[in-house]
$ cat work18.pdb   # PDB, C-alpha atoms and all ligand atoms
ATOM      1  CA  MET A   1     147.287 120.786  85.034  1.00  0.00           C
ATOM      2  CA  THR A   2     149.379 122.227  87.861  1.00  0.00           C
ATOM      3  CA  ARG A   3     150.602 125.713  88.147  1.00  0.00           C
ATOM      4  CA  ASP A   4     154.233 126.648  88.633  1.00  0.00           C
ATOM      5  CA  HIS A   5     154.886 127.790  92.165  1.00  0.00           C
ATOM      6  CA  ASP A   6     156.973 130.771  90.861  1.00  0.00           C
ATOM      7  CA  GLU A   7     153.989 132.109  88.924  1.00  0.00           C
ATOM      8  CA  LEU A   8     152.124 132.683  92.123  1.00  0.00           C
ATOM      9  CA  SER A   9     152.452 135.680  94.322  1.00  0.00           C
ATOM     10  CA  LEU A  10     154.329 135.122  97.527  1.00  0.00           C
ATOM     11  CA  ALA A  11     153.517 138.371  99.210  1.00  0.00           C
ATOM     12  CA  PRO A  12     150.843 141.051  98.833  1.00  0.00           C
ATOM     13  CA  ASP A  13     153.520 143.674  98.058  1.00  0.00           C
ATOM     14  CA  GLY A  14     154.945 141.580  95.205  1.00  0.00           C
ATOM     15  CA  LEU A  15     158.534 141.712  96.494  1.00  0.00           C
ATOM     16  CA  PRO A  16     160.638 138.558  96.415  1.00  0.00           C
ATOM     17  CA  LEU A  17     160.867 136.417  99.503  1.00  0.00           C
ATOM     18  CA  CYS A  18     164.370 137.621 100.433  1.00  0.00           C
ATOM     19  CA  GLN A  19     163.041 141.190 100.789  1.00  0.00           C
ATOM     20  CA  GLN A  20     160.120 140.219 102.993  1.00  0.00           C
ATOM     21  CA  PRO A  21     160.105 140.695 106.785  1.00  0.00           C
ATOM     22  CA  GLN A  22     161.524 137.835 108.789  1.00  0.00           C
ATOM     23  CA  TRP A  23     158.162 136.581 109.989  1.00  0.00           C
ATOM     24  CA  ARG A  24     156.976 136.192 106.385  1.00  0.00           C
ATOM     25  CA  GLN A  25     160.212 134.436 105.401  1.00  0.00           C
ATOM     26  CA  ASP A  26     159.701 132.041 108.302  1.00  0.00           C
ATOM     27  CA  PHE A  27     156.101 131.332 107.307  1.00  0.00           C
ATOM     28  CA  PRO A  28     155.907 131.919 103.551  1.00  0.00           C
ATOM     29  CA  ILE A  29     152.266 131.108 103.016  1.00  0.00           C
ATOM     30  CA  ASP A  30     151.232 131.706  99.457  1.00  0.00           C
ATOM     31  CA  VAL A  31     147.547 132.551  99.756  1.00  0.00           C
ATOM     32  CA  ALA A  32     146.965 132.429  96.001  1.00  0.00           C
ATOM     33  CA  GLN A  33     148.449 128.944  95.751  1.00  0.00           C
ATOM     34  CA  ASP A  34     146.661 127.887  98.902  1.00  0.00           C
ATOM     35  CA  ASN A  35     143.302 128.752  97.327  1.00  0.00           C
ATOM     36  CA  TYR A  36     144.208 127.474  93.890  1.00  0.00           C
ATOM     37  CA  VAL A  37     142.098 124.509  92.672  1.00  0.00           C
ATOM     38  CA  SER A  38     143.430 122.810  89.569  1.00  0.00           C
ATOM     39  CA  ARG A  39     141.128 121.619  86.808  1.00  0.00           C
ATOM     40  CA  ARG A  40     142.053 118.030  87.677  1.00  0.00           C
ATOM     41  CA  GLU A  41     141.081 118.503  91.327  1.00  0.00           C
ATOM     42  CA  PHE A  42     137.844 120.154  90.328  1.00  0.00           C
ATOM     43  CA  ALA A  43     137.046 117.302  87.906  1.00  0.00           C
ATOM     44  CA  LYS A  44     137.804 114.789  90.681  1.00  0.00           C
ATOM     45  CA  PHE A  45     135.435 116.641  92.974  1.00  0.00           C
ATOM     46  CA  LEU A  46     132.653 116.586  90.356  1.00  0.00           C
ATOM     47  CA  VAL A  47     133.183 112.876  89.680  1.00  0.00           C
ATOM     48  CA  LEU A  48     133.065 112.145  93.406  1.00  0.00           C
ATOM     49  CA  ILE A  49     129.837 114.103  93.917  1.00  0.00           C
ATOM     50  CA  SER A  50     128.221 112.535  90.835  1.00  0.00           C
ATOM     51  CA  SER A  51     129.237 109.057  91.966  1.00  0.00           C
ATOM     52  CA  ALA A  52     127.793 109.614  95.424  1.00  0.00           C
ATOM     53  CA  PHE A  53     124.555 110.893  93.902  1.00  0.00           C
ATOM     54  CA  SER A  54     124.327 107.921  91.503  1.00  0.00           C
ATOM     55  CA  ALA A  55     125.055 105.479  94.322  1.00  0.00           C
ATOM     56  CA  GLY A  56     122.190 107.026  96.313  1.00  0.00           C
ATOM     57  CA  GLN A  57     119.818 106.616  93.377  1.00  0.00           C
ATOM     58  CA  PHE A  58     120.821 102.977  92.900  1.00  0.00           C
ATOM     59  CA  TRP A  59     120.329 102.361  96.605  1.00  0.00           C
ATOM     60  CA  ILE A  60     116.773 103.728  96.429  1.00  0.00           C
ATOM     61  CA  LEU A  61     116.031 101.613  93.339  1.00  0.00           C
ATOM     62  CA  PHE A  62     117.426  98.547  95.080  1.00  0.00           C
ATOM     63  CA  LYS A  63     115.310  99.113  98.197  1.00  0.00           C
ATOM     64  CA  ASN A  64     112.174  99.575  96.058  1.00  0.00           C
ATOM     65  CA  TRP A  65     112.957  96.404  94.162  1.00  0.00           C
ATOM     66  CA  GLN A  66     113.572  94.549  97.424  1.00  0.00           C
ATOM     67  CA  ARG A  67     110.242  95.750  98.826  1.00  0.00           C
ATOM     68  CA  ASN A  68     108.398  94.636  95.697  1.00  0.00           C
ATOM     69  CA  GLN A  69     110.022  91.227  95.944  1.00  0.00           C
ATOM     70  CA  ALA A  70     108.786  90.716  99.516  1.00  0.00           C
ATOM     71  CA  ALA A  71     106.331  87.903  99.853  1.00  0.00           C
ATOM     72  CA  ALA A  72     102.767  88.862  98.960  1.00  0.00           C
ATOM     73  CA  PRO A  73     100.518  89.046 102.020  1.00  0.00           C
ATOM     74  CA  PRO A  74      98.293  86.031 102.548  1.00  0.00           C
ATOM     75  CA  VAL A  75      94.641  85.864 101.570  1.00  0.00           C
ATOM     76  CA  GLN A  76      92.938  85.805 104.948  1.00  0.00           C
ATOM     77  CA  LYS A  77      89.335  85.442 106.007  1.00  0.00           C
ATOM     78  CA  ILE A  78      88.446  88.375 108.222  1.00  0.00           C
ATOM     79  CA  ALA A  79      84.681  88.092 108.749  1.00  0.00           C
ATOM     80  CA  ASN A  80      81.424  86.419 107.918  1.00  0.00           C
ATOM     81  CA  LEU A  81      78.891  88.730 106.294  1.00  0.00           C
ATOM     82  CA  ALA A  82      76.644  88.131 109.285  1.00  0.00           C
ATOM     83  CA  ASP A  83      79.342  89.536 111.595  1.00  0.00           C
ATOM     84  CA  ILE A  84      79.143  92.994 110.116  1.00  0.00           C
ATOM     85  CA  PRO A  85      75.759  94.649 109.589  1.00  0.00           C
ATOM     86  CA  VAL A  86      75.257  97.613 107.245  1.00  0.00           C
ATOM     87  CA  GLY A  87      76.787 100.658 108.945  1.00  0.00           C
ATOM     88  CA  GLY A  88      78.891  98.406 111.149  1.00  0.00           C
ATOM     89  CA  THR A  89      82.633  98.128 111.659  1.00  0.00           C
ATOM     90  CA  LEU A  90      84.903  95.298 112.639  1.00  0.00           C
ATOM     91  CA  LEU A  91      88.489  95.142 113.878  1.00  0.00           C
ATOM     92  CA  PHE A  92      90.901  92.602 112.487  1.00  0.00           C
ATOM     93  CA  ARG A  93      94.656  92.132 112.085  1.00  0.00           C
ATOM     94  CA  TYR A  94      96.343  91.932 108.717  1.00  0.00           C
ATOM     95  CA  PRO A  95      98.767  90.930 107.253  1.00  0.00           C
ATOM     96  CA  ASN A  96     100.137  89.881 110.660  1.00  0.00           C
ATOM     97  CA  GLU A  97      99.243  90.053 114.342  1.00  0.00           C
ATOM     98  CA  HIS A  98     100.974  93.412 114.773  1.00  0.00           C
ATOM     99  CA  GLU A  99      98.892  95.298 112.222  1.00  0.00           C
ATOM    100  CA  PRO A 100      95.441  96.351 113.485  1.00  0.00           C
ATOM    101  CA  CYS A 101      92.921  97.135 110.737  1.00  0.00           C
ATOM    102  CA  ILE A 102      89.299  98.227 110.448  1.00  0.00           C
ATOM    103  CA  LEU A 103      86.638  96.845 108.159  1.00  0.00           C
ATOM    104  CA  VAL A 104      83.644  99.087 107.463  1.00  0.00           C
ATOM    105  CA  ARG A 105      80.399  98.268 105.685  1.00  0.00           C
ATOM    106  CA  PRO A 106      78.880 101.621 104.671  1.00  0.00           C
ATOM    107  CA  ASP A 107      76.103  99.984 102.635  1.00  0.00           C
ATOM    108  CA  GLU A 108      74.793  96.559 101.728  1.00  0.00           C
ATOM    109  CA  ASN A 109      77.344  95.816  99.002  1.00  0.00           C
ATOM    110  CA  THR A 110      80.324  97.980  99.950  1.00  0.00           C
ATOM    111  CA  PHE A 111      83.182  96.982 102.206  1.00  0.00           C
ATOM    112  CA  VAL A 112      86.231  99.150 102.829  1.00  0.00           C
ATOM    113  CA  ALA A 113      89.181  98.358 105.039  1.00  0.00           C
ATOM    114  CA  TYR A 114      92.199 100.328 106.226  1.00  0.00           C
ATOM    115  CA  SER A 115      95.083 100.068 108.589  1.00  0.00           C
ATOM    116  CA  GLN A 116      93.979 101.380 111.960  1.00  0.00           C
ATOM    117  CA  LYS A 117      97.251 103.249 112.477  1.00  0.00           C
ATOM    118  CA  CYS A 118      96.946 106.965 111.841  1.00  0.00           C
ATOM    119  CA  THR A 119      99.524 108.174 109.317  1.00  0.00           C
ATOM    120  CA  HIS A 120     100.463 111.040 111.618  1.00  0.00           C
ATOM    121  CA  LEU A 121     101.765 109.344 114.778  1.00  0.00           C
ATOM    122  CA  SER A 122     100.117 105.909 114.620  1.00  0.00           C
ATOM    123  CA  CYS A 123      97.232 106.445 117.041  1.00  0.00           C
ATOM    124  CA  ALA A 124      94.271 104.135 116.495  1.00  0.00           C
ATOM    125  CA  VAL A 125      91.706 105.714 114.168  1.00  0.00           C
ATOM    126  CA  ILE A 126      87.960 105.252 114.674  1.00  0.00           C
ATOM    127  CA  PRO A 127      85.378 105.075 111.859  1.00  0.00           C
ATOM    128  CA  ASN A 128      82.343 107.341 112.039  1.00  0.00           C
ATOM    129  CA  VAL A 129      80.031 105.826 109.431  1.00  0.00           C
ATOM    130  CA  ALA A 130      77.219 108.335 109.995  1.00  0.00           C
ATOM    131  CA  GLU A 131      79.545 111.227 109.081  1.00  0.00           C
ATOM    132  CA  ASN A 132      81.401 109.278 106.388  1.00  0.00           C
ATOM    133  CA  LYS A 133      84.738 109.916 108.149  1.00  0.00           C
ATOM    134  CA  ILE A 134      87.462 108.158 110.016  1.00  0.00           C
ATOM    135  CA  VAL A 135      88.629 110.102 113.042  1.00  0.00           C
ATOM    136  CA  CYS A 136      91.934 110.110 114.868  1.00  0.00           C
ATOM    137  CA  PRO A 137      91.245 111.293 118.418  1.00  0.00           C
ATOM    138  CA  CYS A 138      94.886 112.053 119.271  1.00  0.00           C
ATOM    139  CA  HIS A 139      95.208 115.311 117.305  1.00  0.00           C
ATOM    140  CA  GLN A 140      91.835 115.576 115.577  1.00  0.00           C
ATOM    141  CA  GLY A 141      92.901 114.083 112.276  1.00  0.00           C
ATOM    142  CA  TYR A 142      90.157 113.204 109.775  1.00  0.00           C
ATOM    143  CA  PHE A 143      90.162 110.801 106.838  1.00  0.00           C
ATOM    144  CA  SER A 144      87.472 110.121 104.256  1.00  0.00           C
ATOM    145  CA  LEU A 145      85.668 106.850 104.837  1.00  0.00           C
ATOM    146  CA  ASP A 146      85.389 105.871 101.176  1.00  0.00           C
ATOM    147  CA  GLU A 147      89.044 106.493 100.218  1.00  0.00           C
ATOM    148  CA  GLY A 148      90.944 106.823 103.488  1.00  0.00           C
ATOM    149  CA  ARG A 149      92.401 110.143 102.312  1.00  0.00           C
ATOM    150  CA  PRO A 150      93.306 112.873 104.818  1.00  0.00           C
ATOM    151  CA  LEU A 151      90.646 115.571 105.105  1.00  0.00           C
ATOM    152  CA  ALA A 152      91.773 117.690 108.027  1.00  0.00           C
ATOM    153  CA  GLY A 153      94.248 117.813 110.891  1.00  0.00           C
ATOM    154  CA  PRO A 154      97.909 116.797 110.940  1.00  0.00           C
ATOM    155  CA  PRO A 155      97.840 113.633 108.757  1.00  0.00           C
ATOM    156  CA  GLN A 156      99.228 114.227 105.271  1.00  0.00           C
ATOM    157  CA  ARG A 157      99.133 110.688 103.867  1.00  0.00           C
ATOM    158  CA  PRO A 158      96.177 108.374 103.278  1.00  0.00           C
ATOM    159  CA  LEU A 159      95.636 105.344 105.468  1.00  0.00           C
ATOM    160  CA  PRO A 160      97.102 102.151 103.999  1.00  0.00           C
ATOM    161  CA  ARG A 161      94.231 100.428 102.242  1.00  0.00           C
ATOM    162  CA  ILE A 162      93.430  96.760 102.757  1.00  0.00           C
ATOM    163  CA  HIS A 163      91.829  95.300  99.658  1.00  0.00           C
ATOM    164  CA  VAL A 164      88.981  92.978 100.513  1.00  0.00           C
ATOM    165  CA  GLU A 165      86.898  90.526  98.542  1.00  0.00           C
ATOM    166  CA  VAL A 166      83.550  88.943  99.338  1.00  0.00           C
ATOM    167  CA  GLN A 167      83.338  85.276  98.510  1.00  0.00           C
ATOM    168  CA  GLY A 168      79.979  83.710  99.306  1.00  0.00           C
ATOM    169  CA  ASP A 169      79.120  84.881 102.782  1.00  0.00           C
ATOM    170  CA  GLU A 170      82.683  85.517 103.846  1.00  0.00           C
ATOM    171  CA  VAL A 171      84.960  88.555 103.594  1.00  0.00           C
ATOM    172  CA  PHE A 172      88.652  88.093 102.816  1.00  0.00           C
ATOM    173  CA  ALA A 173      91.591  90.484 103.024  1.00  0.00           C
ATOM    174  CA  ILE A 174      93.705  89.976  99.933  1.00  0.00           C
ATOM    175  CA  SER A 175      96.385  92.696  99.874  1.00  0.00           C
ATOM    176  CA  VAL A 176      97.708  95.903 101.396  1.00  0.00           C
ATOM    177  CA  GLU A 177      98.136  99.078  99.368  1.00  0.00           C
ATOM    178  CA  LEU A 178     100.622 101.539 100.850  1.00  0.00           C
ATOM    179  CA  ARG A 179      99.923 105.011  99.534  1.00  0.00           C
ATOM    180  CA  SER A 180     101.967 108.162  99.761  1.00  0.00           C
ATOM    181  CA  ILE A 181      99.518 110.570  98.097  1.00  0.00           C
TER
HETATM  182  S1  LIG B   1      98.215 110.558 115.556  1.00  0.00           S
HETATM  183 FE1  LIG B   1      96.478 110.856 114.375  1.00  0.00          FE
HETATM  184  S2  LIG B   1      96.298 112.952 114.141  1.00  0.00           S
HETATM  185 FE2  LIG B   1      98.100 112.685 115.280  1.00  0.00          FE
END

$ encode --input "work18.pdb" --output "structure tokens"
Amino acid sequence: MTRDHDELSLAPDGLPLCQQPQWRQDFPIDVAQDNYVSRREFAKFLVLISSAFSAGQFWILFKNWQRNQAAAPPVQKIANLADIPVGGTLLFRYPNEHEPCILVRPDENTFVAYSQKCTHLSCAVIPNVAENKIVCPCHQGYFSLDEGRPLAGPPQRPLPRIHVEVQGDEVFAISVELRSI
């Protein structure tokens, strides 16, 4: 709904335009009309904002769906049992050559593996099996060895976990779990 121009004030003193000083007659800016927002314009604004918000949500859903559709990482042999004694660690790359990872054997039957990239600024983390921690030397970040969760320092997110499986006397990496909390 629009408002009739004549309904609006033309001057603060309320006098008609012909009685206004020359400068105001030359530039008859109606402040009230200038600031007036019709219901239709307001509704358009709300629809536009809602549409933009919905589009953003759909975009996030689409990206999540796309990520889930990405090819599953390969099952890859990463070690022989003999290569990694109890208390030992081993470096490997998974799921591709650009992703350094660490395999740790805290006890006879337990193997844990994580990405070696610190979740703060991607420095290489180092396992400390004796203290049950993984340490990032760049800014003194600490992660738990059994879960890869941040314990102290700047990192806020856990290390991506590499799921491993022992088959016979070989250890295989089977998937990557990206974790945000
Ligand atoms: S890069 Fe690891 S704590 Fe900063």

$ closest_atom_pairs --input "work18.pdb" --of "chain A" --to "ligand LIG 1 (chain B)" --cutoff "10 Å" --atoms "only C-alpha atoms and all ligand atoms" --output "tab-separated table"
residue	atom	partner	partner_atom	distance
A:Lys117	CA	B:LIG1	FE1	7.9
A:Cys118	CA	B:LIG1	FE1	4.7
A:Thr119	CA	B:LIG1	FE1	6.5
A:His120	CA	B:LIG1	S1	4.6
A:Leu121	CA	B:LIG1	S1	3.8
A:Ser122	CA	B:LIG1	S1	5.1
A:Cys123	CA	B:LIG1	S1	4.5
A:Ala124	CA	B:LIG1	FE1	7.4
A:Val125	CA	B:LIG1	FE1	7.0
A:Val135	CA	B:LIG1	FE1	8.0
A:Cys136	CA	B:LIG1	FE1	4.6
A:Pro137	CA	B:LIG1	FE1	6.6
A:Cys138	CA	B:LIG1	FE2	5.2
A:His139	CA	B:LIG1	S2	4.1
A:Gln140	CA	B:LIG1	S2	5.4
A:Gly141	CA	B:LIG1	S2	4.0
A:Tyr142	CA	B:LIG1	S2	7.5
A:Phe143	CA	B:LIG1	S2	9.8
A:Pro150	CA	B:LIG1	S2	9.8
A:Ala152	CA	B:LIG1	S2	9.0
A:Gly153	CA	B:LIG1	S2	6.2
A:Pro154	CA	B:LIG1	S2	5.3
A:Pro155	CA	B:LIG1	S2	5.6
A:Gln156	CA	B:LIG1	S2	9.4

$ closest_residue --input "work18.pdb" --among "A:Ala79, A:Leu17, A:Leu145, A:Ala72" --to "A:Arg161" --atoms "all atoms listed in the file"
A:Leu145

$ axis_aligned_box --input "work18.pdb" --around "stretch 28-41 of chain A" --padding-each-side "6 Å" --output "JSON"
{"center_x": 148.5, "center_y": 125.3, "center_z": 95.2, "size_x": 26.8, "size_y": 26.5, "size_z": 28.7}

$ closest_residue --input "work18.pdb" --among "A:Asp13, A:Val47, A:Cys18, A:Val104" --to "A:Asp83" --atoms "only C-alpha atoms"
A:Val104

$ residues_near_point --input "work18.pdb" --point "(78.3, 98.6, 113.1)" --cutoff "10 Å" --atoms "all atoms listed in the file" --output "PyMOL selection string"
chain A and resi 83-90+103-106+127-129

$ closest_residue --input "work18.pdb" --among "A:Ser50, A:Gln57, A:Asn96, A:Asn64" --to "A:Ser115" --atoms "all atoms listed in the file"
A:Asn96

$ residues_around --input "work18.pdb" --residues "stretch 170-177 of chain A" --least-positions-apart "2" --cutoff "6 Å" --atoms "all atoms listed in the file" --output "list in words"
Pro73, Val75, Gln76, Lys77, Ile78, Ala79, Asn80, Leu81, Pro160, Arg161, Ile162, His163, Val164, Glu165, Val166, Gln167 and Gly168 of chain A
